[in-house]
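A.B. asks: Following this line is structure.pdb, made up of PDB, C-alpha atoms:
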ATOM      1  CA  VAL A  20      -2.092  28.633  23.346
ATOM      2  CA  MET A  21       0.133  31.213  25.036
ATOM      3  CA  VAL A  22      -2.941  32.761  26.668
ATOM      4  CA  LEU A  23      -3.847  29.333  28.058
ATOM      5  CA  ILE A  24      -0.337  28.791  29.448
ATOM      6  CA  GLY A  25      -0.340  32.267  31.011
ATOM      7  CA  ALA A  26      -3.740  31.643  32.591
ATOM      8  CA  LEU A  27      -2.583  28.294  33.947
ATOM      9  CA  ARG A  28       0.463  29.968  35.488
ATOM     10  CA  ARG A  29      -1.627  32.718  37.063
ATOM     11  CA  GLY A  30      -3.985  30.106  38.448
ATOM     12  CA  GLY A  31      -1.016  28.365  40.063
ATOM     13  CA  ILE A  32      -1.582  25.194  38.065
ATOM     14  CA  LEU A  33       1.836  25.052  36.403
ATOM     15  CA  MET A  34       3.676  26.219  39.512
ATOM     16  CA  ARG A  35       2.820  23.266  41.733
ATOM     17  CA  ARG A  36       5.118  20.276  42.012
ATOM     18  CA  VAL A  37       3.724  16.798  41.904
ATOM     19  CA  ARG A  38       4.893  14.917  44.977
ATOM     20  CA  SER A  39       4.523  11.300  43.958
ATOM     21  CA  THR A  40       3.240   8.849  41.400
ATOM     22  CA  ARG A  41       0.314   8.177  43.706
ATOM     23  CA  THR A  42      -0.663  11.854  43.532
ATOM     24  CA  ILE A  43      -0.470  11.797  39.744
ATOM     25  CA  MET A  44      -2.662   8.700  39.495
ATOM     26  CA  SER A  45      -5.222   9.989  41.987
ATOM     27  CA  SER A  46      -5.502  13.277  40.105
ATOM     28  CA  LEU A  47      -5.878  11.476  36.757
ATOM     29  CA  VAL A  48      -8.408   8.965  38.002
ATOM     30  CA  GLY A  49     -10.369  11.466  40.098
ATOM     31  CA  ALA A  50     -10.104  14.274  37.576
ATOM     32  CA  ASP A  51     -13.122  16.111  38.941
ATOM     33  CA  GLN A  52     -12.061  16.090  42.590
ATOM     34  CA  SER A  53      -9.931  19.260  42.736
ATOM     35  CA  ASN A  54     -10.208  22.942  41.955
ATOM     36  CA  THR A  55      -7.156  22.618  39.728
ATOM     37  CA  SER A  56      -8.959  20.134  37.508
ATOM     38  CA  PHE A  57     -11.914  22.467  37.143
ATOM     39  CA  LYS A  58      -9.589  25.356  36.249
ATOM     40  CA  VAL A  59      -7.909  23.203  33.603
ATOM     41  CA  TYR A  60     -11.346  22.134  32.330
ATOM     42  CA  HIS A  61     -12.543  25.723  31.963
ATOM     43  CA  TYR A  62      -9.296  27.039  30.440
ATOM     44  CA  VAL A  63      -9.201  24.175  27.949
ATOM     45  CA  ASN A  64     -12.858  24.841  27.139
ATOM     46  CA  LEU A  65     -12.078  28.483  26.310
ATOM     47  CA  ALA A  66      -9.011  27.490  24.288
ATOM     48  CA  LEU A  67     -11.066  24.965  22.308
ATOM     49  CA  LEU A  68     -13.714  27.598  21.597
ATOM     50  CA  GLY A  69     -11.085  29.700  19.882
ATOM     51  CA  ALA A  70      -8.739  27.121  18.404
ATOM     52  CA  THR A  71     -11.282  24.803  16.759
ATOM     53  CA  PRO A  72     -12.828  27.313  14.323
ATOM     54  CA  VAL A  73      -9.396  28.770  13.579
ATOM     55  CA  ALA A  74      -8.053  25.295  12.796
ATOM     56  CA  PHE A  75     -10.890  24.622  10.359
ATOM     57  CA  ALA A  76     -10.530  28.039   8.737
ATOM     58  CA  VAL A  77      -6.761  27.890   8.126
ATOM     59  CA  SER A  78      -6.435  24.217   7.180
ATOM     60  CA  PRO A  79      -4.360  23.309   5.176
ATOM     61  CA  SER A  80      -1.561  25.702   6.127
ATOM     62  CA  PRO A  81       1.732  25.636   8.058
ATOM     63  CA  ILE A  82      -0.039  26.140  11.393
ATOM     64  CA  THR A  83      -2.360  23.182  10.893
ATOM     65  CA  PHE A  84       0.050  20.687  12.486
ATOM     66  CA  PRO A  85       0.498  22.608  15.779
ATOM     67  CA  LEU A  86      -3.261  23.166  15.982
ATOM     68  CA  ASP A  87      -3.884  19.471  15.295
ATOM     69  CA  MET A  88      -1.480  18.526  18.084
ATOM     70  CA  PHE A  89      -3.084  20.962  20.523
ATOM     71  CA  LEU A  90      -6.604  19.786  19.673
ATOM     72  CA  GLY A  91      -5.445  16.163  19.840
ATOM     73  CA  VAL A  92      -4.574  16.645  23.505
ATOM     74  CA  ALA A  93      -7.158  19.259  24.490
ATOM     75  CA  PHE A  94     -10.261  17.349  23.340
ATOM     76  CA  PRO A  95      -9.450  14.168  25.301
ATOM     77  CA  VAL A  96      -8.455  16.148  28.435
ATOM     78  CA  HIS A  97     -11.667  18.155  28.267
ATOM     79  CA  ALA A  98     -13.744  15.017  27.739
ATOM     80  CA  HIS A  99     -11.938  13.144  30.535
ATOM     81  CA  ILE A 100     -12.599  15.779  33.176
ATOM     82  CA  GLY A 101     -16.186  16.270  32.014
ATOM     83  CA  MET A 102     -16.958  12.553  31.986
ATOM     84  CA  ASN A 103     -15.481  12.170  35.465
ATOM     85  CA  CYS A 104     -18.078  14.699  36.617
ATOM     86  CA  VAL A 105     -20.780  12.586  34.988
ATOM     87  CA  ILE A 106     -19.387   9.455  36.649
ATOM     88  CA  SER A 107     -19.400  11.211  40.032
ATOM     89  CA  ASP A 108     -23.019  12.276  39.611
ATOM     90  CA  TYR A 109     -24.557   9.217  37.991
ATOM     91  CA  GLY A 110     -22.192   6.331  38.722
ATOM     92  CA  LYS A 111     -23.374   6.103  42.329
ATOM     93  CA  LYS A 112     -26.999   6.414  41.321
ATOM     94  CA  PHE A 113     -27.028   3.647  38.722
ATOM     95  CA  PHE A 114     -24.220   1.302  39.791
ATOM     96  CA  GLY A 115     -23.587   2.019  43.487
ATOM     97  CA  SER A 116     -20.745   3.772  45.279
ATOM     98  CA  SER A 117     -18.356   0.860  44.836
ATOM     99  CA  ALA A 118     -18.526   1.149  41.028
ATOM    100  CA  VAL A 119     -17.284   4.732  40.830
ATOM    101  CA  GLY A 120     -13.586   3.776  41.098
ATOM    102  CA  PRO A 121     -13.675   1.154  38.336
ATOM    103  CA  LEU A 122     -15.727   3.492  36.136
ATOM    104  CA  ARG A 123     -13.102   6.210  36.599
ATOM    105  CA  LEU A 124     -10.296   3.774  35.733
ATOM    106  CA  GLY A 125     -12.216   2.755  32.631
ATOM    107  CA  MET A 126     -12.563   6.395  31.659
ATOM    108  CA  LEU A 127      -8.826   6.882  32.104
ATOM    109  CA  GLY A 128      -8.265   3.953  29.725
ATOM    110  CA  VAL A 129     -10.665   5.408  27.157
ATOM    111  CA  THR A 130      -8.955   8.799  27.406
ATOM    112  CA  THR A 131      -5.501   7.247  26.999
ATOM    113  CA  ILE A 132      -6.512   5.213  23.943
ATOM    114  CA  THR A 133      -8.292   8.204  22.394
ATOM    115  CA  THR A 134      -5.279  10.455  22.904
ATOM    116  CA  MET A 135      -2.931   7.857  21.429
ATOM    117  CA  GLY A 136      -5.232   7.330  18.430
ATOM    118  CA  ILE A 137      -5.485  11.043  17.681
ATOM    119  CA  LEU A 138      -1.731  11.402  18.137
ATOM    120  CA  ARG A 139      -1.148   8.623  15.615
ATOM    121  CA  LEU A 140      -3.605  10.261  13.212
ATOM    122  CA  ASN A 141      -1.760  13.575  13.570
ATOM    123  CA  LEU A 142       1.734  12.115  13.184
ATOM    124  CA  GLN A 143       1.176   9.408  10.560
ATOM    125  CA  GLY A 144      -2.013  10.445   8.821
ATOM    126  CA  PRO A 145      -3.603  13.573   7.399
ATOM    127  CA  GLY A 146      -4.225  15.092  10.834
ATOM    128  CA  LEU A 147      -7.329  15.608  12.920
ATOM    129  CA  ILE A 148      -8.732  18.627  11.100
ATOM    130  CA  GLU A 149      -8.170  17.300   7.574
ATOM    131  CA  THR A 150      -9.752  13.993   8.599
ATOM    132  CA  VAL A 151     -12.861  15.727   9.915
ATOM    133  CA  LYS A 152     -13.023  18.029   6.885
ATOM    134  CA  GLY A 153     -12.763  14.938   4.686
ATOM    135  CA  LEU A 154     -16.137  13.760   5.975
ATOM    136  CA  TRP A 155     -17.788  16.545   3.943
ATOM    137  CA  ARG A 156     -15.691  16.208   0.805
ATOM    138  CA  LYS A 157     -16.910  14.314  -2.209
ATOM    139  CA  PRO A 158     -15.025  11.041  -2.701
ATOM    140  CA  LYS A 159     -12.334  11.148  -5.369
ATOM    141  CA  THR A 160     -13.148   9.139  -8.458
ATOM    142  CA  ASP A 161     -10.324   7.645 -10.485
TER     143      ASP A 161
END
Let me see the file written as structure tokens.

C.D. replies:
Amino acid sequence: VMVLIGALRRGGILMRRVRSTRTIMSSLVGADQSNTSFKVYHYVNLALLGATPVAFAVSPSPITFPLDMFLGVAFPVHAHIGMNCVISDYGKKFFGSSAVGPLRLGMLGVTTITTMGILRLNLQGPGLIETVKGLWRKPKTD
């Protein structure tokens, strides 16, 4: 995680100030429209490559909760930026240029709901990793 933060700082991502709410919304809705978004996408991808196997290997342990929280944010961010690229490429082709904006807003809604659901699972339930590991466990019999 610290490597990711350091890389984001070196890339100038964490050093920039956001000027307005409009800028925030345009960067969230059009997540594939800037170099910063692609840097975040690639850094999150590398972080997920390392953190996911580690989380499965060490679970359950004291570091499971921080890893669950990181993965609970990183997976939706990664998916959001990636799906915005898909919407840019194929939204125009299948639905026309005027549908790209609504498709992007829909993707922002899906990302928000997914992030909130994983956050709830991490805070009130067994956590993301234990839930996924539970898919391969035999059911408990009373």

A.B. asks: Check which residues satisfy the PyMOL selection byres ((chain A and resi 62-75) around 7) in the file shown, then give them as a list in words.

C.D. replies: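 This file gives the following for the PyMOL selection byres ((chain A and resi 62-75) around 7): Leu23, Lys58, Val59, Tyr60, His61, Ala76, Val77, Ser78, Thr83, Leu86, Ala93, His97 and Ile148 of chain A.
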
A.B. asks: With all atoms listed in the file as the atoms that count, which of A:Asn141, A:Ser80, A:Ser107, A:Ser56 lies nearest to Met126 of chain A?

C.D. replies: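 Result for the nearest residue to Met126 of chain A: A:Ser107.
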
A.B. asks: In terms of the shortest atom-to-atom distance over only C-alpha atoms, which of A:Gly128, A:Asn54, A:Arg123, A:Ala118 is closest to Val105 of chain A?

C.D. replies: A:Arg123

A.B. asks: Mind pulling up the distance from atom CA of Leu122 of chain A to atom CA of His99 of chain A?

C.D. replies: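 One can read the atom CA of His99 of chain A to atom CA of Leu122 of chain A distance as 11.8 Å.
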
A.B. asks: For Thr134 of chain A, which residue out of A:Leu154, A:Val119, A:Met88, A:Met102 is the nearest one, using only C-alpha atoms?

C.D. replies: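 Of all the options, A:Met88 lies closest to Thr134 of chain A.
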
A.B. asks: Between atom CA of Val129 of chain A and atom CA of Ser116 of chain A, what is the distance in Å, rounded to a tenth?

C.D. replies: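 Going from atom CA of Val129 of chain A over to atom CA of Ser116 of chain A covers 20.8 Å.
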
A.B. asks: To one decimal place, how far is atom CA of Leu138 of chain A from atom CA of Gly91 of chain A in Å?

C.D. replies: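 Between atom CA of Leu138 of chain A and atom CA of Gly91 of chain A the gap is 6.3 Å.
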
A.B. asks: Of the candidates A:Gly101, A:Pro81, A:Pro158, A:Gly153, which shows the shortest atom-to-atom distance to Leu127 of chain A, using only C-alpha atoms?

C.D. replies: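 For Leu127 of chain A, the nearest of the given residues is A:Gly101.
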
A.B. asks: When you count only C-alpha atoms, which of these residues is closest to Pro95 of chain A: A:Arg139, A:Arg156, A:Thr131, A:Leu147?

C.D. replies: A:Thr131

A.B. asks: Set up a box along x, y and z of the file covering all listed atoms of segment 132-138 of chain A, add 4 Å on every one of the six sides, and write the centre and edge lengths in Å to one decimal, as lines of an AutoDock Vina configuration file.

C.D. replies:
center_x = -5.0
center_y = 8.3
center_z = 20.8
size_x = 14.6
size_y = 14.2
size_z = 14.3

A.B. asks: A:Ile100, A:Ile106, A:Val92, A:Val151: which is nearest Ile132 of chain A, counting all atoms listed in the file?

C.D. replies: A:Val92
